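Student: Below: one structure in structure tokens.
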Amino acid sequence: MSSIASTTGNAADQASQWTLMWWAFRRHRLAVLGLMIVGLLYFIAAFVELLAPYDPDLSNARAVNHPPQALHFIKKEKDGGWSFQPYVIGMTQKRDPITLATTFTPDPTKTVDVQFFGKGEPTKLWGIFPVERRLIAPKVLGERFYLIGADRLGRDMLSRVLYGTRISMSIGLLGVLMSLVLDIFLGGLSGSYGGWIDATVQRIVEFKLAMPTIPIWLGLSAALPQDWPPTWRYFAITIILSLIGWTELARVVRGRFLALRTEDFVIAARLDGCSQMRVIFRHMLPSMVSHIIASVSLAIPMMIIAETSLSFLGLGLLPPTISWGVLLKEAQNVRTIAEAPWLFSPGVAVCLAVLALNFLGDGLRDAADPYAQEGR
């Protein structure tokens, strides 16, 4: 037993910082699960043109509020045998002569054969590379199926939710990266130099924290011109969210820098002739990675929720841009949800992304201090 413990201890003593972080991270099962989900979401965001069955803006007047269709894999042949052939059961549309309500009834005599990596409608990956293959597509080009239903214009909800992943996940990541630059720069200057620089930065932070966040979001978003192109509005919303959400981490960075200024390794670096910027970025910042990771991991889901909320209220991204918030705007009416609950599927995607990011951030925060983790 002593030899095993000695071997383990020697391995930990000789391991690099990143190796220790990985050992600590993989013991956090929820964090590993969160990493897989977040990785899957960003994979979907990067290659959505290959994964979505249809063009998200392609409407069908005969499929308004079409219910979801289950995907079957084993099909019974006419001769009585069975074969592996993915398919969905077709629907027959009927209209009640009294209420004029449209109902969809499964019709086993109508089936839509489905194939994986089959040919679909031509599109362009990232707007550059032409592609036709899709992860899942109808065997006969032109046929339609709706795995999670259709919206009020007969557009495929699965394709729209997948395309919304690109906008919602990227706006959270870009917004946090922009905030992080401000946090490190202003917080680092404030904590390292002190004096009038510290006083000025802290008064700005306190003024920002004294103002209510939600009304500022609403006011700035409402001030954006309605006729702006979707790309301009996307970056404008990203800048608004990052400028409003930078103050918390800046105060954390400033506090850590004040505590590190008198540490031996910082004093030694200064006595060795290192410049102030080198001391900040080479010596002080790496020692507070855990605090930065903890704050950033919590900021990304907050950015996603903020964009979703603004778009849901009609003050964020607007159609034809597709984001989870824009899609949820279709589900504002309780009657609509009662008749077509699948329209709330973007809300499920938001909850899944936020939970996964929080699990991932919790695990990264603990793993960033592997020596403390070993001590516990």
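Ligands are numbered from 1 in the order shown, chains are lettered A, B, ... in the order of the structure tokens, and residues start at 1 in each chain.
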What parts of stretch 188-371 of chain A does DSSP call helix (DSSP H, G or I)? I'd like the answer as JSON, numbers by chain.

Tutor: {"A": [188, 189, 190, 191, 192, 193, 195, 196, 197, 198, 199, 200, 201, 202, 203, 204, 205, 206, 207, 208, 209, 210, 213, 214, 215, 216, 217, 218, 219, 220, 221, 222, 223, 230, 231, 232, 233, 234, 235, 236, 237, 238, 239, 240, 241, 242, 243, 244, 247, 248, 249, 250, 251, 252, 253, 254, 255, 256, 257, 258, 259, 260, 264, 265, 266, 267, 268, 269, 270, 271, 276, 277, 278, 279, 280, 281, 282, 283, 284, 285, 286, 287, 288, 289, 290, 291, 292, 293, 294, 295, 296, 297, 298, 299, 300, 301, 302, 303, 304, 305, 306, 307, 308, 309, 310, 311, 312, 324, 325, 326, 327, 328, 329, 330, 331, 334, 335, 336, 337, 338, 339, 341, 342, 343, 344, 345, 346, 347, 348, 349, 350, 351, 352, 353, 354, 355, 356, 357, 358, 359, 360, 361, 362, 363, 364, 365, 366, 367, 370, 371]}

Student: Can you pull out every residue within 12 Å of A:Lys124, counting only C-alpha atoms, but drop anything in the same chain fewer than 5 positions away, and send it as a PDB file with C-alpha atoms, in the first residue's frame?

Tutor:
```pdb
ATOM      1  CA  PHE A  47     -22.097  22.309 -38.754  1.00  0.00           C
ATOM      2  CA  VAL A  48     -25.819  23.058 -38.589  1.00  0.00           C
ATOM      3  CA  GLU A  49     -26.152  23.082 -42.399  1.00  0.00           C
ATOM      4  CA  LEU A  50     -25.210  19.392 -42.423  1.00  0.00           C
ATOM      5  CA  ASP A  55     -34.035  25.084 -44.814  1.00  0.00           C
ATOM      6  CA  PHE A 129     -19.018  25.609 -49.340  1.00  0.00           C
ATOM      7  CA  PRO A 130     -21.942  24.084 -51.280  1.00  0.00           C
ATOM      8  CA  VAL A 131     -23.317  20.909 -49.690  1.00  0.00           C
ATOM      9  CA  GLU A 132     -26.241  18.593 -50.360  1.00  0.00           C
ATOM     10  CA  ARG A 133     -25.749  15.771 -47.860  1.00  0.00           C
ATOM     11  CA  ARG A 134     -27.688  15.934 -44.607  1.00  0.00           C
TER      12      ARG A 134
END
```

Student: Select, from A:Leu317, A:Ile292, A:Met169, A:Leu58, the residue with the minimum atom-to-atom distance to A:Ala236, counting only C-alpha atoms.

Tutor: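 Ranking A:Leu317, A:Ile292, A:Met169, A:Leu58 by distance to A:Ala236, first place goes to A:Leu317.
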
Student: Write out as a PyMOL selection string which residues come within 9 Å of A:Ile304 when counting only C-alpha atoms, dropping same-chain ones fewer than 2 positions away.

Tutor: chain A and resi 168-173+299-302+306-309+350+353-354

Student: For A:Ile239, work out the shell of residues within 10 Å, counting only C-alpha atoms and skipping chain neighbours fewer than 3 positions away, then give it as a VMD selection string.

Tutor: chain A and resid 171 174 to 176 178 to 179 233 to 236 242 to 245

Student: Got time to write the residues from that selection, C-alpha atoms, as a compact mmCIF listing (two decimals), in the first residue's frame?

Tutor:
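Wrote selection-v6.txt, looks like this:
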```txt
# COMPACT_ATOMS: atom_id res chain seq x y z
CA ILE A 171 -23.70 35.38 -28.83
CA LEU A 174 -18.61 36.40 -28.00
CA GLY A 175 -20.25 38.57 -25.34
CA VAL A 176 -18.25 36.93 -22.55
CA MET A 178 -15.56 40.93 -25.00
CA SER A 179 -16.41 41.37 -21.32
CA ARG A 233 -28.23 43.93 -34.88
CA TYR A 234 -26.49 40.72 -33.84
CA PHE A 235 -23.23 42.52 -33.06
CA ALA A 236 -25.07 45.45 -31.45
CA SER A 242 -20.92 42.62 -22.85
CA LEU A 243 -20.78 46.28 -21.82
CA ILE A 244 -23.45 45.73 -19.17
CA GLY A 245 -22.07 42.47 -17.77
```

Student: Applying 10 Å and only C-alpha atoms, which residues near A:Leu352 remain after dropping the ones on its own chain fewer than 4 positions away? List them as a PyMOL selection string.

Tutor: chain A and resi 34+37-38+41+346-348+356-357

Student: Work out how far atom CA of A:Thr19 is from atom CA of A:Met288, in Å to one decimal.

Tutor: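 Spanning atom CA of A:Met288 to atom CA of A:Thr19 is a straight-line distance of 17.5 Å.
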
Student: Near A:Arg29, counting only C-alpha atoms, which residues have an atom at most 12 Å away, once you skip same-chain residues fewer than 4 positions from it, shown as a VMD selection string?

Tutor: chain A and resid 23 to 25 33 to 36 356 359 to 360 362 to 364

Student: For the selection just defined, write its residues with N, CA and C atoms to a file, as a compact mmCIF listing (two decimals), in the first residue's frame.

Tutor:
```
# COMPACT_ATOMS: atom_id res chain seq x y z
N TRP A 23 -6.93 15.61 -14.24
CA TRP A 23 -7.22 14.57 -13.26
C TRP A 23 -8.34 15.00 -12.32
N ALA A 24 -8.29 16.24 -11.89
CA ALA A 24 -9.33 16.73 -10.98
C ALA A 24 -10.66 16.89 -11.70
N PHE A 25 -10.61 17.34 -12.96
CA PHE A 25 -11.85 17.59 -13.70
C PHE A 25 -12.60 16.30 -13.99
N LEU A 33 -20.18 15.39 -18.00
CA LEU A 33 -21.42 15.36 -18.77
C LEU A 33 -21.71 16.73 -19.37
N GLY A 34 -21.51 17.78 -18.57
CA GLY A 34 -21.71 19.14 -19.09
C GLY A 34 -20.78 19.44 -20.25
N LEU A 35 -19.52 18.99 -20.16
CA LEU A 35 -18.56 19.21 -21.25
C LEU A 35 -19.03 18.52 -22.53
N MET A 36 -19.54 17.31 -22.42
CA MET A 36 -20.02 16.60 -23.61
C MET A 36 -21.21 17.30 -24.23
N ALA A 356 -25.90 22.62 -18.59
CA ALA A 356 -24.62 22.03 -18.98
C ALA A 356 -23.46 23.00 -18.75
N PHE A 359 -22.76 23.16 -14.95
CA PHE A 359 -22.04 21.96 -14.50
C PHE A 359 -20.58 22.02 -14.94
N LEU A 360 -20.36 22.42 -16.20
CA LEU A 360 -19.00 22.51 -16.71
C LEU A 360 -18.19 23.55 -15.95
N ASP A 362 -18.65 24.62 -12.90
CA ASP A 362 -18.38 24.16 -11.53
C ASP A 362 -17.20 23.21 -11.51
N GLY A 363 -17.15 22.29 -12.48
CA GLY A 363 -16.03 21.36 -12.53
C GLY A 363 -14.72 22.04 -12.88
N LEU A 364 -14.76 23.01 -13.80
CA LEU A 364 -13.54 23.73 -14.16
C LEU A 364 -13.03 24.58 -13.01
```

Student: Choose the residue, out of A:Met277, A:Leu180, A:Leu327, A:Ala150, that has the smallest atom-to-atom separation from A:Val64; count only C-alpha atoms.

Tutor: A:Ala150

Student: List the neighbours of A:Met157 out to 12 Å using only C-alpha atoms; skip same-chain residues closer than 5 positions along the sequence, and give me the result as a ChimeraX atom specification.

Tutor: /A:52-59,63-69,145-152,162-164,322-324,327-328,330,340-346

Student: Please produce a file of the residues just selected, as a JSON list (two decimals), in the first residue's frame, where the atoms kept are C-alpha atoms.

Tutor:
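Contents of selection21.json, freshly written:
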```json
[["chain", "number", "residue", "atom", "x", "y", "z"],
["A", 52, "ALA", "CA", -30.71, 20.28, -40.14],
["A", 53, "PRO", "CA", -33.09, 18.31, -42.40],
["A", 54, "TYR", "CA", -34.49, 21.40, -44.19],
["A", 55, "ASP", "CA", -34.03, 25.08, -44.81],
["A", 56, "PRO", "CA", -35.34, 26.71, -41.59],
["A", 57, "ASP", "CA", -37.31, 29.32, -43.58],
["A", 58, "LEU", "CA", -38.99, 26.82, -45.90],
["A", 59, "SER", "CA", -42.73, 27.00, -45.16],
["A", 63, "ALA", "CA", -48.37, 21.63, -42.43],
["A", 64, "VAL", "CA", -49.37, 24.51, -40.16],
["A", 65, "ASN", "CA", -48.76, 23.41, -36.55],
["A", 66, "HIS", "CA", -48.02, 19.89, -37.76],
["A", 67, "PRO", "CA", -47.53, 17.57, -34.74],
["A", 68, "PRO", "CA", -44.27, 15.64, -34.19],
["A", 69, "GLN", "CA", -43.77, 12.36, -36.01],
["A", 145, "PHE", "CA", -41.37, 14.99, -42.18],
["A", 146, "TYR", "CA", -41.45, 16.80, -38.83],
["A", 147, "LEU", "CA", -39.67, 15.02, -36.00],
["A", 148, "ILE", "CA", -40.53, 17.70, -33.42],
["A", 149, "GLY", "CA", -43.40, 19.34, -35.28],
["A", 150, "ALA", "CA", -43.89, 22.49, -37.33],
["A", 151, "ASP", "CA", -44.74, 26.10, -36.46],
["A", 152, "ARG", "CA", -47.62, 28.33, -37.51],
["A", 162, "LEU", "CA", -30.72, 23.63, -34.69],
["A", 163, "TYR", "CA", -30.10, 26.89, -36.56],
["A", 164, "GLY", "CA", -31.01, 28.84, -33.42],
["A", 322, "ILE", "CA", -33.17, 32.63, -35.90],
["A", 323, "SER", "CA", -32.26, 32.29, -32.23],
["A", 324, "TRP", "CA", -33.85, 30.43, -29.35],
["A", 327, "LEU", "CA", -38.36, 31.05, -31.66],
["A", 328, "LEU", "CA", -39.78, 31.31, -28.13],
["A", 330, "GLU", "CA", -43.91, 32.21, -31.13],
["A", 340, "ALA", "CA", -48.93, 23.06, -30.12],
["A", 341, "PRO", "CA", -46.69, 22.37, -27.08],
["A", 342, "TRP", "CA", -43.76, 21.46, -29.36],
["A", 343, "LEU", "CA", -43.32, 25.20, -30.05],
["A", 344, "PHE", "CA", -41.72, 25.37, -26.59],
["A", 345, "SER", "CA", -38.86, 23.09, -27.67],
["A", 346, "PRO", "CA", -36.41, 26.06, -27.89]]
```
